[in-house]
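model_3.cif (mmCIF, C-alpha atoms)
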```cif
data_protein
loop_
_atom_site.label_atom_id
_atom_site.label_comp_id
_atom_site.auth_asym_id
_atom_site.auth_seq_id
_atom_site.Cartn_x
_atom_site.Cartn_y
_atom_site.Cartn_z
CA MET A 47 -18.41 -12.50 -10.84
CA THR A 48 -20.06 -13.92 -7.69
CA GLU A 49 -21.39 -16.84 -9.76
CA GLN A 50 -17.79 -17.99 -10.30
CA LEU A 51 -17.13 -18.26 -6.56
CA VAL A 52 -17.63 -21.37 -4.45
CA SER A 53 -19.59 -19.19 -2.02
CA PHE A 54 -20.16 -15.52 -1.30
CA ILE A 55 -21.01 -14.22 2.17
CA GLN A 56 -22.32 -10.67 2.37
CA SER A 57 -21.74 -8.72 5.58
CA ASP A 58 -23.53 -5.59 6.74
CA ASN A 59 -20.29 -4.01 7.97
CA TYR A 60 -16.77 -4.92 9.04
CA TYR A 61 -17.97 -5.79 12.57
CA ASP A 62 -20.68 -8.23 11.41
CA LYS A 63 -19.23 -11.13 13.41
CA PRO A 64 -21.77 -13.80 12.34
CA ALA A 65 -21.02 -13.04 8.67
CA LEU A 66 -17.27 -13.11 9.31
CA ASP A 67 -17.57 -16.47 11.05
CA ARG A 68 -19.55 -17.94 8.16
CA ALA A 69 -17.08 -16.55 5.62
CA VAL A 70 -13.96 -18.11 7.17
CA THR A 71 -15.44 -21.51 8.04
CA GLY A 72 -13.63 -24.31 6.21
CA VAL A 73 -11.15 -22.10 4.33
CA ASP A 74 -7.41 -22.73 3.99
CA ALA A 75 -6.39 -19.07 4.16
CA VAL A 76 -7.85 -15.64 4.82
CA ILE A 77 -6.77 -12.58 2.81
CA CYS A 78 -7.82 -9.26 4.30
CA ALA A 79 -8.11 -6.89 1.33
CA TYR A 80 -9.91 -3.95 2.91
CA GLN A 81 -9.27 -0.49 1.48
CA ALA A 82 -6.55 1.64 3.05
CA ASP A 83 -8.48 3.15 5.96
CA PRO A 84 -7.29 3.36 9.59
CA GLU A 85 -10.51 1.92 11.01
CA LEU A 86 -10.38 -1.05 8.65
CA ASN A 87 -6.60 -1.45 9.00
CA LEU A 88 -6.92 -1.92 12.75
CA ASP A 89 -10.49 -2.58 13.94
CA GLY A 90 -11.63 -4.44 10.83
CA CYS A 91 -8.47 -6.50 10.43
CA LEU A 92 -8.50 -7.48 14.12
CA LEU A 93 -12.11 -8.66 13.95
CA LEU A 94 -11.32 -10.75 10.87
CA LEU A 95 -8.22 -12.13 12.59
CA ARG A 96 -10.31 -13.20 15.59
CA ALA A 97 -12.79 -14.90 13.27
CA ALA A 98 -9.90 -16.77 11.64
CA GLU A 99 -8.70 -17.84 15.09
CA ARG A 100 -12.13 -19.22 16.00
CA ALA A 101 -12.22 -21.14 12.71
CA GLY A 102 -8.77 -22.63 13.23
CA VAL A 103 -7.30 -20.98 10.12
CA LYS A 104 -3.49 -20.92 10.13
CA THR A 105 -2.76 -18.63 7.18
CA PHE A 106 -3.87 -15.00 7.46
CA VAL A 107 -2.72 -12.29 5.04
CA ALA A 108 -3.08 -8.95 6.79
CA ARG A 109 -4.23 -5.81 5.02
CA THR A 110 -0.85 -4.39 4.03
CA TRP A 111 0.56 -4.12 0.45
CA ASN A 112 2.18 -0.88 1.58
CA SER A 113 5.28 1.20 1.25
CA ASN A 114 8.11 0.09 3.54
CA TRP A 115 6.68 0.61 7.04
CA LEU A 116 9.55 -1.41 8.56
CA SER A 117 11.78 1.68 8.39
CA ILE A 118 9.42 4.18 10.02
CA ASN A 119 8.28 4.92 13.56
CA PHE A 120 4.77 5.34 14.88
CA GLY A 121 3.67 8.87 13.92
CA ASP A 122 5.97 9.25 10.89
CA PHE A 123 3.15 8.50 8.45
CA GLU A 124 -0.30 8.77 9.97
CA LEU A 125 -2.06 6.23 7.74
CA TYR A 126 0.36 3.51 8.82
CA ASN A 127 -0.11 4.05 12.56
CA SER A 128 -3.02 1.61 12.39
CA VAL A 129 -0.88 -0.89 10.48
CA LEU A 130 1.92 -0.73 13.05
CA ALA A 131 -0.62 -1.06 15.87
CA PHE A 132 -2.13 -4.17 14.27
CA VAL A 133 1.29 -5.77 13.74
CA ASP A 134 2.18 -5.23 17.40
CA HIS A 135 -1.19 -6.33 18.80
CA ALA A 136 -1.41 -9.44 16.64
CA ALA A 137 2.09 -10.51 17.70
CA ALA A 138 1.18 -10.05 21.36
CA THR A 139 -2.28 -11.63 21.41
CA SER A 140 -2.89 -14.00 18.50
CA PRO A 141 -1.86 -17.64 17.94
CA ILE A 142 -1.89 -16.83 14.22
CA LYS A 143 1.30 -15.49 12.66
CA PRO A 144 0.04 -13.13 9.93
CA VAL A 145 1.58 -12.67 6.51
CA TYR A 146 2.55 -9.06 5.77
CA ILE A 147 3.35 -7.87 2.26
CA ILE A 148 5.35 -4.75 1.36
CA THR A 149 5.04 -3.71 -2.28
CA GLY A 150 6.05 -0.08 -2.41
CA PHE A 151 3.75 2.54 -3.89
CA PHE A 152 0.73 1.24 -5.82
CA ALA A 153 1.64 2.11 -9.43
CA ASP A 154 -2.05 2.51 -10.24
CA TYR A 155 -1.88 5.85 -8.39
CA LEU A 156 1.51 7.05 -9.69
CA LEU A 157 1.23 10.03 -12.05
CA LEU A 158 -2.55 9.81 -11.86
CA PRO A 159 -4.33 13.19 -12.15
CA GLY A 160 -5.64 14.34 -8.78
CA MET A 161 -3.46 11.95 -6.79
CA GLY A 162 -0.77 13.51 -4.62
CA PRO A 163 1.40 16.03 -6.48
CA PHE A 164 0.29 15.30 -10.04
CA GLU A 165 -2.09 17.40 -12.13
CA SER A 166 -3.02 17.05 -15.78
CA ASP A 167 -5.71 18.24 -18.18
CA GLY A 168 -4.82 15.63 -20.81
CA LYS A 169 -2.77 18.14 -22.81
CA SER A 170 -0.10 19.14 -20.31
CA ALA A 171 0.89 17.96 -16.85
CA LYS A 172 2.68 19.24 -13.76
CA LEU A 173 4.43 17.22 -11.08
CA HIS A 174 5.06 19.06 -7.82
CA TYR A 175 7.91 17.96 -5.55
CA TRP A 176 9.99 18.99 -2.54
CA GLY A 177 13.76 18.87 -2.12
CA ASP A 178 15.24 16.23 -4.41
CA LEU A 179 12.24 13.91 -4.25
CA HIS A 180 12.07 13.77 -8.05
CA LYS A 181 15.46 12.01 -8.04
CA ARG A 182 14.68 9.53 -5.25
CA LYS A 183 14.11 5.88 -6.14
CA ILE A 184 10.54 4.77 -5.36
CA PRO A 185 9.62 1.06 -5.23
CA TRP A 186 6.28 0.46 -6.95
CA THR A 187 3.90 -2.36 -7.81
CA PRO A 188 0.55 -2.32 -9.65
CA MET A 189 -2.42 -3.95 -7.93
CA ASP A 190 -2.65 -6.73 -10.52
CA ASP A 191 0.93 -7.82 -9.78
CA ALA A 192 0.30 -7.60 -6.04
CA ALA A 193 -2.76 -9.85 -6.36
CA GLU A 194 -0.97 -12.42 -8.52
CA TRP A 195 2.09 -12.53 -6.28
CA THR A 196 -0.04 -12.82 -3.15
CA ILE A 197 -1.62 -15.99 -4.52
CA GLU A 198 1.84 -17.26 -5.47
CA LEU A 199 3.05 -16.52 -1.95
CA LEU A 200 0.19 -18.51 -0.42
CA LYS A 201 1.57 -21.66 -2.08
CA GLN A 202 4.92 -21.46 -0.31
CA PRO A 203 5.38 -24.26 2.27
CA ASP A 204 6.26 -21.94 5.17
CA VAL A 205 3.19 -19.82 4.54
CA VAL A 206 0.93 -22.86 4.18
CA ALA A 207 2.33 -24.14 7.49
CA GLY A 208 1.21 -20.94 9.19
CA ASN A 209 4.65 -19.50 9.88
CA GLY A 210 3.68 -16.06 8.59
CA GLY A 211 6.33 -13.43 8.00
CA ILE A 212 7.04 -10.17 6.22
CA PHE A 213 7.57 -10.40 2.47
CA LYS A 214 8.73 -7.70 0.06
CA PHE A 215 8.26 -7.62 -3.67
CA GLN A 216 8.19 -4.88 -6.27
CA SER A 217 7.51 -4.56 -9.97
CA GLY A 218 9.99 -1.74 -10.37
CA VAL A 219 11.95 0.98 -8.63
CA ASN A 220 12.31 4.34 -10.36
CA THR A 221 12.64 8.05 -9.80
CA LEU A 222 9.74 10.36 -10.59
CA GLU A 223 11.89 11.73 -13.42
CA GLU A 224 12.17 8.25 -14.95
CA LEU A 225 8.46 7.59 -14.56
CA ALA A 226 7.67 10.94 -16.17
CA VAL A 227 9.74 9.98 -19.24
CA GLU A 228 7.69 6.81 -19.62
CA TYR A 229 4.47 8.77 -19.04
CA GLU A 230 5.39 11.16 -21.84
CA ARG A 231 6.29 8.27 -24.16
CA VAL A 232 2.99 6.45 -23.62
CA THR A 233 0.60 9.41 -23.42
CA GLY A 234 2.31 12.09 -25.49
CA VAL A 235 1.66 14.55 -22.64
CA ALA A 236 4.68 16.57 -21.50
CA VAL A 237 5.37 16.70 -17.76
CA GLU A 238 6.66 19.89 -16.13
CA PHE A 239 8.40 19.52 -12.76
CA VAL A 240 7.51 22.20 -10.21
CA LYS A 241 9.64 22.55 -7.07
CA GLU A 242 7.61 23.58 -4.03
CA GLY A 243 10.60 24.16 -1.77
CA SER A 244 13.45 22.49 0.07
CA ALA A 245 13.23 19.52 2.42
CA GLU A 246 13.34 21.98 5.32
CA ASP A 247 10.48 23.97 3.78
CA LEU A 248 8.47 20.76 3.57
CA HIS A 249 9.15 19.92 7.20
CA LYS A 250 7.99 23.38 8.31
CA GLU A 251 4.81 23.19 6.23
CA LEU A 252 4.06 19.71 7.55
CA GLN A 253 4.43 20.82 11.16
CA ALA A 254 2.29 23.90 10.54
CA SER A 255 -0.41 21.78 8.92
CA LYS A 256 -0.37 19.30 11.81
CA THR A 257 -0.77 22.16 14.27
CA ALA A 258 -3.60 23.75 12.30
CA LYS A 259 -5.51 20.60 11.32
CA GLY A 260 -4.91 18.50 14.41
CA ARG A 261 -4.69 14.74 14.64
CA ALA A 262 -8.18 14.23 13.17
CA GLY A 263 -7.20 16.22 10.08
CA TRP A 264 -4.43 13.80 9.11
CA ARG A 265 -5.81 13.23 5.60
CA GLU A 266 -5.17 16.87 4.73
CA TYR A 267 -1.42 16.59 5.31
CA LEU A 268 -0.93 12.92 4.45
CA TRP A 269 0.93 13.61 1.21
CA LEU A 270 3.29 15.99 3.02
CA SER A 271 3.99 13.22 5.54
CA TRP A 272 4.66 10.72 2.76
CA CYS A 273 7.11 13.12 1.08
CA ASN A 274 8.82 13.83 4.40
CA VAL A 275 9.48 10.11 4.90
CA ALA A 276 10.57 9.71 1.27
CA LEU A 277 13.14 12.49 1.56
CA GLN A 278 14.71 10.55 4.44
CA GLY A 279 15.05 7.51 2.18
CA LYS A 280 12.89 5.38 4.47
CA TRP A 281 10.50 4.08 1.81
CA GLU A 282 13.36 2.40 -0.06
CA PHE A 283 13.76 -1.35 0.45
CA GLN A 284 16.78 -2.03 2.67
CA ASN A 285 17.08 -5.64 1.49
CA PRO A 286 16.49 -7.14 -1.96
CA PRO A 287 12.82 -7.97 -2.58
CA MET A 288 11.64 -11.49 -3.31
CA ALA A 289 11.98 -12.84 -6.83
CA MET A 290 8.52 -14.00 -7.91
CA LYS A 291 7.77 -16.39 -10.76
CA ALA A 292 5.23 -14.19 -12.53
CA THR A 293 6.73 -11.54 -14.83
CA PRO A 294 6.30 -8.05 -13.34
CA SER A 295 4.43 -5.34 -15.19
CA THR A 296 6.23 -2.33 -16.60
CA PHE A 297 5.06 1.19 -15.83
CA GLY A 298 4.13 1.41 -19.50
CA ASN A 299 1.78 -1.55 -18.98
CA VAL A 300 0.15 0.29 -16.09
CA LEU A 301 -0.35 3.47 -18.12
CA ALA A 302 -1.75 1.57 -21.10
CA LYS A 303 -4.64 0.29 -18.96
CA ARG A 304 -5.76 3.77 -17.90
CA ASN A 305 -8.51 5.78 -19.52
CA ILE A 306 -7.48 9.13 -18.00
CA TYR A 307 -4.14 10.92 -18.24
#
```
So, in terms of structure tokens, how does the structure I just supplied come out?
Amino acid sequence: MTEQLVSFIQSDNYYDKPALDRAVTGVDAVICAYQADPELNLDGCLLLLRAAERAGVKTFVARTWNSNWLSINFGDFELYNSVLAFVDHAAATSPIKPVYIITGFFADYLLLPGMGPFESDGKSAKLHYWGDLHKRKIPWTPMDDAAEWTIELLKQPDVVAGNGGIFKFQSGVNTLEELAVEYERVTGVAVEFVKEGSAEDLHKELQASKTAKGRAGWREYLWLSWCNVALQGKWEFQNPPMAMKATPSTFGNVLAKRNIY
């Protein structure tokens, strides 16, 4: 794959400033595609932003592609604290106006065994939920669509001009019940819904877990936090998403590419 690139700069770590400077020299745009990790979301993205500033780059796509963080407050969903901090700090200190992209849940992880509330042995499956979460509409986008639409977005005049902004797009918006029907159709594996408790039960368990695990143990209660926000309807897009030229994938398309169910 590297042979197909104009150049490839290898860095020792996210704070390898000389490598970052070499990588952004002479480019038209920078896309920060680090994995979803608080240290990379904030520290890594800021270092890359500063490198882009030094190189005179106007277009910078921040590491987002998230659920709708516009509707939440700092502390509502621990993983996004670093995203919100970056957004605020970049606005206050950088001449660059970053591009932020909200896509909803990555469909690649929806109804994937071992991810969140879903479990499957390939013959039967269970989907655990709280309150009425199984009936809530969830915006979703597979990574392939997100990548294609990001490139499409980079061609827009305002983005090329360095005006930045927050952009929303989604491949679909469905309830877990609807996604389970499609899962059963594609895989032939029946999905059983298991209710863990009410929304109030979830809130109590989340608070207990936060008290027991502490701030550093955020990964252990992250799914509870996500569900808590979802049950408040905050992940839903408040305004219509952008209409992109490329045809969005269906959830069936996403499932067909998997090798585990």
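Distance annotation: of A:Val235, A:Val73, A:Ala137, A:Leu88, the residue with the minimal separation from Asp167 of chain A is A:Val235; atom set is only C-alpha atoms.
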Next item on the list: Could you check which of A:Gly211, A:Ala97, A:Asp89, A:Val103 is closest to Leu66 of chain A, using all atoms listed in the file?
Entry: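 Of the candidates, the smallest distance to Leu66 of chain A is held by A:Ala97.
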Can you pull out every residue within 9 Å of Trp272 of chain A, counting only C-alpha atoms, but drop anything in the same chain fewer than 5 positions away, and send it as a PDB file with C-alpha atoms, keeping the file's coordinate frame?
```pdb
ATOM      1  CA  ASP A 122       5.970   9.250  10.890  1.00  0.00           C
ATOM      2  CA  PHE A 123       3.150   8.500   8.450  1.00  0.00           C
ATOM      3  CA  GLU A 124      -0.300   8.770   9.970  1.00  0.00           C
ATOM      4  CA  TYR A 267      -1.420  16.590   5.310  1.00  0.00           C
ATOM      5  CA  LEU A 277      13.140  12.490   1.560  1.00  0.00           C
ATOM      6  CA  TRP A 281      10.500   4.080   1.810  1.00  0.00           C
TER       7      TRP A 281
END
```
Check: Residues at most 10 Å from segment 157-161 of chain A, counting all atoms listed in the file, excluding those fewer than 4 positions away in the same chain, as a list in words?
Finding: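 Here the qualifying residues turn out to be Ala153, Glu165, Ser166, Asp167, Gly168, Ala171, Lys172, Leu173, Leu222, Leu225, Ala226, Tyr229, Val237, Trp269, Leu301, Arg304, Ile306 and Tyr307 of chain A.
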Next item on the list: Could you state which residues are captured by the PyMOL selection byres ((chain A and resi 194) around 12) in this file, as a PyMOL selection string?
Entry: chain A and resi 187-193+195-201+215+217+290-295
Next item on the list: Tell me, in Å to one decimal, how far atom CA of Leu95 of chain A is from atom CA of Ser113 of chain A.
Entry: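 If I compute the distance from atom CA of Leu95 of chain A to atom CA of Ser113 of chain A, I get 22.1 Å.
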